[in-house]
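Notes to accompany the following structure.
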Amino acid sequence: MTVNDPIFGEVTQNLGHLERQLSLEFLGSDFSIILAISCWDDEEILPDQRNAFEKFMASNLLSSGAIEEAIFTHYLRVVPEIRERTGQPFASANVPDISSPYALAGLIKPTDLLIKRTLDAPKRIVGLLFDCTWDIDNGLAVRIENEKIVEVGSQDIVL
């Protein structure tokens with residue numbers, strides 16, 4: 001099923017989401033990621049989801065470096081435990097010492113921008129998902145509520 005939405009454009013149904021490609025600049029590079037709007041086959045896109053997307057895109061979160069800084073802070077917090085758990089060969093290749101958020105460029109890659117459905121609260125929830133070298137199975141996510149970064153962790157914080 002394909003839907004032509006006034007805000008999201010032409011989106012296609014895929015496993016509980018309406019999706020399309022989206023260009024995103026992150027860490028100085030352009031990425032083609034999936035814009036995924038939570039929406040089952042028989043549901044319509046909610047006005048709150050359109051609002052969440054528009055406000056997120058209009059916010060300065062992507063251009064300000066705030067997302068990179070939040071991920072960098074998270075990375076520095078989890079590095080010691082990951083290195084201890086995985087051992088030196090894995091750590092050297094996948095969890096290197098870095099000194100700035102821009103050094104994350106070789107360690108993470110944005111994959112999805114998820115616009116969540118919120119039926120129980122007037123929140124605008126957006127999840128930015130990444131592949132990352134230090135957690136291949138669970139990936140990385142930034143949870144954004146009402147244009148504020150509220151959590152950085154594995155992808156289950158937004159899925």
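Letters A, B, ... go to the chains of the structure tokens in the order shown; residues in each chain start at 1; ligands are counted from 1 in the same order.
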Residues at most 12 Å from Pro47 in chain A, counting only C-alpha atoms, excluding those fewer than 5 positions away in the same chain, as an mmCIF file with N, CA, C and O atoms, in the first residue's frame?
```cif
data_model
loop_
_atom_site.group_PDB
_atom_site.id
_atom_site.type_symbol
_atom_site.label_atom_id
_atom_site.label_comp_id
_atom_site.auth_asym_id
_atom_site.auth_seq_id
_atom_site.Cartn_x
_atom_site.Cartn_y
_atom_site.Cartn_z
ATOM 1 N N ASP A 5 1.034 11.474 1.494
ATOM 2 C CA ASP A 5 0.715 12.306 2.650
ATOM 3 C C ASP A 5 1.185 13.739 2.398
ATOM 4 O O ASP A 5 2.272 13.937 1.840
ATOM 5 N N PRO A 6 0.416 14.741 2.843
ATOM 6 C CA PRO A 6 0.812 16.130 2.593
ATOM 7 C C PRO A 6 2.115 16.546 3.286
ATOM 8 O O PRO A 6 2.800 17.452 2.819
ATOM 9 N N ILE A 7 2.492 15.902 4.360
ATOM 10 C CA ILE A 7 3.711 16.246 5.094
ATOM 11 C C ILE A 7 4.847 15.274 4.776
ATOM 12 O O ILE A 7 5.972 15.671 4.504
ATOM 13 N N PHE A 8 4.568 13.989 4.788
ATOM 14 C CA PHE A 8 5.601 12.971 4.599
ATOM 15 C C PHE A 8 5.872 12.644 3.132
ATOM 16 O O PHE A 8 6.876 12.026 2.815
ATOM 17 N N ILE A 37 7.274 5.899 9.783
ATOM 18 C CA ILE A 37 6.177 6.444 10.576
ATOM 19 C C ILE A 37 5.391 5.251 11.112
ATOM 20 O O ILE A 37 4.861 4.450 10.337
ATOM 21 N N ALA A 52 5.174 16.100 14.949
ATOM 22 C CA ALA A 52 6.475 15.676 15.487
ATOM 23 C C ALA A 52 7.557 15.770 14.421
ATOM 24 O O ALA A 52 8.662 16.267 14.689
ATOM 25 N N PHE A 53 7.261 15.313 13.218
ATOM 26 C CA PHE A 53 8.234 15.355 12.128
ATOM 27 C C PHE A 53 8.564 16.798 11.749
ATOM 28 O O PHE A 53 9.741 17.164 11.652
ATOM 29 N N GLU A 54 7.550 17.609 11.575
ATOM 30 C CA GLU A 54 7.786 19.005 11.182
ATOM 31 C C GLU A 54 8.592 19.756 12.234
ATOM 32 O O GLU A 54 9.536 20.482 11.904
ATOM 33 N N ILE A 115 9.197 8.012 13.549
ATOM 34 C CA ILE A 115 8.181 8.901 14.099
ATOM 35 C C ILE A 115 7.168 8.012 14.818
ATOM 36 O O ILE A 115 6.410 7.271 14.187
ATOM 37 N N LYS A 116 7.190 8.058 16.130
ATOM 38 C CA LYS A 116 6.370 7.160 16.948
ATOM 39 C C LYS A 116 4.916 7.617 17.009
ATOM 40 O O LYS A 116 4.607 8.787 16.879
ATOM 41 N N ARG A 117 4.042 6.663 17.257
ATOM 42 C CA ARG A 117 2.632 6.907 17.539
ATOM 43 C C ARG A 117 2.490 7.112 19.038
ATOM 44 O O ARG A 117 2.970 6.299 19.815
ATOM 45 N N THR A 118 1.852 8.178 19.454
ATOM 46 C CA THR A 118 1.661 8.417 20.885
ATOM 47 C C THR A 118 0.173 8.632 21.134
ATOM 48 O O THR A 118 -0.363 9.685 20.832
ATOM 49 N N LEU A 119 -0.441 7.618 21.684
ATOM 50 C CA LEU A 119 -1.879 7.680 21.940
ATOM 51 C C LEU A 119 -2.193 8.092 23.371
ATOM 52 O O LEU A 119 -3.268 8.592 23.646
ATOM 53 N N PRO A 122 0.428 13.633 25.173
ATOM 54 C CA PRO A 122 0.668 14.624 24.114
ATOM 55 C C PRO A 122 2.156 14.877 23.900
ATOM 56 O O PRO A 122 2.636 15.993 24.017
ATOM 57 N N LYS A 123 2.889 13.832 23.610
ATOM 58 C CA LYS A 123 4.329 13.940 23.367
ATOM 59 C C LYS A 123 4.590 13.762 21.880
ATOM 60 O O LYS A 123 3.910 13.001 21.209
ATOM 61 N N ARG A 124 5.609 14.451 21.419
ATOM 62 C CA ARG A 124 6.110 14.245 20.066
ATOM 63 C C ARG A 124 7.386 13.419 20.211
ATOM 64 O O ARG A 124 8.391 13.915 20.700
#
```
Give me, as JSON lines, each residue of range 45-73 of chain A that comes within 9 Å of range 12-35 of chain A, together with its shortest interatomic pair and the distance in Å at one decimal, counting only C-alpha atoms, with rows ordered by chain and rising residue number.
```
{"residue": "A:Ile45", "atom": "CA", "partner": "A:Leu18", "partner_atom": "CA", "distance": 8.6}
{"residue": "A:Leu62", "atom": "CA", "partner": "A:Phe26", "partner_atom": "CA", "distance": 7.0}
{"residue": "A:Ser63", "atom": "CA", "partner": "A:Phe26", "partner_atom": "CA", "distance": 8.1}
{"residue": "A:Gly65", "atom": "CA", "partner": "A:Leu27", "partner_atom": "CA", "distance": 8.3}
{"residue": "A:Glu68", "atom": "CA", "partner": "A:Leu27", "partner_atom": "CA", "distance": 7.4}
```
From the set A:Ser100, A:Thr133, A:Thr73, A:Ser92, which residue has the shortest atom-to-atom contact distance to Glu151 in chain A, counting only C-alpha atoms?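 Closest to Glu151 in chain A of all the choices is A:Thr73.
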Atom pair CA of Ala58 in chain A / CA of Tyr102 in chain A: separation (Å):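 If I compute the distance from CA of Ala58 in chain A to CA of Tyr102 in chain A, I get 22.7 Å.
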Hey, can you check how far CA of Asn51 in chain A sits from CA of Leu140 in chain A?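 CA of Asn51 in chain A sits 24.3 Å away from CA of Leu140 in chain A.
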Using DSSP on the backbone coordinates, identify the residues of range 19-98 of chain A assigned to alpha helix (DSSP H); present them as a short mmCIF file (atom, residue, chain, number, x, y, z; two decimals) with C-alpha atoms, in the first residue's frame.
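Output (result08.cif):
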```cif
data_model
loop_
_atom_site.label_atom_id
_atom_site.label_comp_id
_atom_site.auth_asym_id
_atom_site.auth_seq_id
_atom_site.Cartn_x
_atom_site.Cartn_y
_atom_site.Cartn_z
CA PRO A 47 -1.73 14.68 13.18
CA ASP A 48 0.67 14.41 16.15
CA GLN A 49 3.08 12.37 13.99
CA ARG A 50 3.05 15.03 11.27
CA ASN A 51 3.59 17.67 13.94
CA ALA A 52 6.47 15.68 15.49
CA PHE A 53 8.23 15.35 12.13
CA GLU A 54 7.79 19.00 11.18
CA LYS A 55 8.96 20.28 14.57
CA PHE A 56 11.95 17.92 14.63
CA MET A 57 13.04 18.95 11.13
CA ALA A 58 12.58 22.65 12.02
CA LEU A 61 19.01 19.41 16.83
CA LEU A 62 20.62 18.12 13.63
CA SER A 63 22.60 21.27 12.91
CA SER A 64 23.59 22.26 16.44
CA ALA A 66 23.52 18.37 20.22
CA ILE A 67 22.85 14.84 18.96
CA GLU A 68 26.55 14.20 18.32
CA GLU A 69 27.42 15.52 21.79
CA ALA A 70 24.77 13.31 23.44
CA ILE A 71 26.07 10.24 21.61
CA PHE A 72 29.68 11.13 22.48
CA THR A 73 28.77 11.45 26.18
CA HIS A 74 26.99 8.09 26.03
CA TYR A 75 29.96 6.50 24.25
CA LEU A 76 32.43 7.71 26.89
CA ARG A 77 30.15 6.34 29.62
CA VAL A 78 29.79 2.83 28.12
CA VAL A 79 33.33 2.37 26.76
CA PRO A 80 34.95 1.01 29.96
CA GLU A 81 32.32 -1.70 30.43
CA ILE A 82 32.38 -2.71 26.75
CA ARG A 83 36.17 -2.95 26.72
CA GLU A 84 36.17 -5.04 29.89
CA ARG A 85 33.47 -7.37 28.55
CA THR A 86 34.79 -7.82 25.01
CA GLN A 88 41.36 -6.02 23.68
CA PRO A 89 41.14 -7.24 20.05
CA PHE A 90 37.46 -6.24 19.74
CA ALA A 91 37.95 -3.03 21.72
CA SER A 92 40.89 -1.86 19.63
CA ALA A 93 38.91 -2.19 16.41
CA ASN A 94 35.41 -1.24 17.55
#
```
Produce a table with one row for each residue of range 19-137 of chain A that has an atom at most 9 Å from any atom of range 153-158 of chain A, each row naming the nearest atom pair and its distance in Å at one decimal; use only C-alpha atoms; arrange rows by chain and rising residue number; format as a Markdown table.
```
| residue | atom | partner | partner_atom | distance |
| --- | --- | --- | --- | --- |
| A:Ile71 | CA | A:Gly153 | CA | 8.5 |
| A:His74 | CA | A:Gly153 | CA | 7.4 |
| A:Leu114 | CA | A:Val158 | CA | 8.0 |
| A:Lys116 | CA | A:Val158 | CA | 7.9 |
| A:Ile125 | CA | A:Val158 | CA | 8.5 |
| A:Val126 | CA | A:Val158 | CA | 7.9 |
| A:Gly127 | CA | A:Val158 | CA | 5.7 |
| A:Leu128 | CA | A:Val158 | CA | 8.4 |
| A:Leu129 | CA | A:Gln155 | CA | 6.5 |
| A:Phe130 | CA | A:Gln155 | CA | 8.0 |
| A:Asp135 | CA | A:Ser154 | CA | 8.0 |
```
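Take CA of Asp131 in chain A and CA of Glu44 in chain A: the distance between them is 29.0 Å.
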From a backbone DSSP assignment, name each residue in range 71-132 of chain A labelled strand (DSSP E), as a PyMOL selection string. chain A and resi 108-115+125-132
Write to file, as a compact mmCIF listing (two decimals), in the first residue's frame, the residues of the selection just made, with N, CA and C atoms.
```txt
# COMPACT_ATOMS: atom_id res chain seq x y z
N ILE A 108 29.69 5.17 13.86
CA ILE A 108 28.23 5.12 13.78
C ILE A 108 27.76 5.54 12.39
N LYS A 109 26.57 5.03 12.03
CA LYS A 109 25.95 5.40 10.76
C LYS A 109 24.44 5.49 10.99
N PRO A 110 23.84 6.66 10.70
CA PRO A 110 22.38 6.76 10.86
C PRO A 110 21.66 5.87 9.85
N THR A 111 20.60 5.22 10.31
CA THR A 111 19.86 4.30 9.44
C THR A 111 18.38 4.66 9.32
N ASP A 112 17.77 5.16 10.41
CA ASP A 112 16.33 5.40 10.41
C ASP A 112 15.99 6.63 11.24
N LEU A 113 14.94 7.31 10.82
CA LEU A 113 14.29 8.34 11.63
C LEU A 113 12.89 7.83 11.85
N LEU A 114 12.58 7.48 13.10
CA LEU A 114 11.31 6.85 13.46
C LEU A 114 10.39 7.88 14.10
N ILE A 115 9.20 8.01 13.55
CA ILE A 115 8.18 8.90 14.10
C ILE A 115 7.17 8.01 14.82
N ILE A 125 7.33 12.15 19.80
CA ILE A 125 8.46 11.24 20.00
C ILE A 125 9.08 10.88 18.66
N VAL A 126 10.37 11.16 18.56
CA VAL A 126 11.16 10.85 17.37
C VAL A 126 12.36 10.03 17.84
N GLY A 127 12.66 8.99 17.10
CA GLY A 127 13.84 8.18 17.38
C GLY A 127 14.78 8.23 16.21
N LEU A 128 16.03 8.52 16.47
CA LEU A 128 17.06 8.48 15.44
C LEU A 128 17.89 7.23 15.71
N LEU A 129 17.89 6.30 14.75
CA LEU A 129 18.55 5.02 14.94
C LEU A 129 19.84 4.95 14.14
N PHE A 130 20.80 4.21 14.70
CA PHE A 130 22.13 4.09 14.11
C PHE A 130 22.61 2.66 14.17
N ASP A 131 23.45 2.29 13.22
CA ASP A 131 24.32 1.13 13.37
C ASP A 131 25.55 1.66 14.09
N CYS A 132 26.14 0.85 14.95
CA CYS A 132 27.35 1.27 15.64
C CYS A 132 28.30 0.09 15.80
```
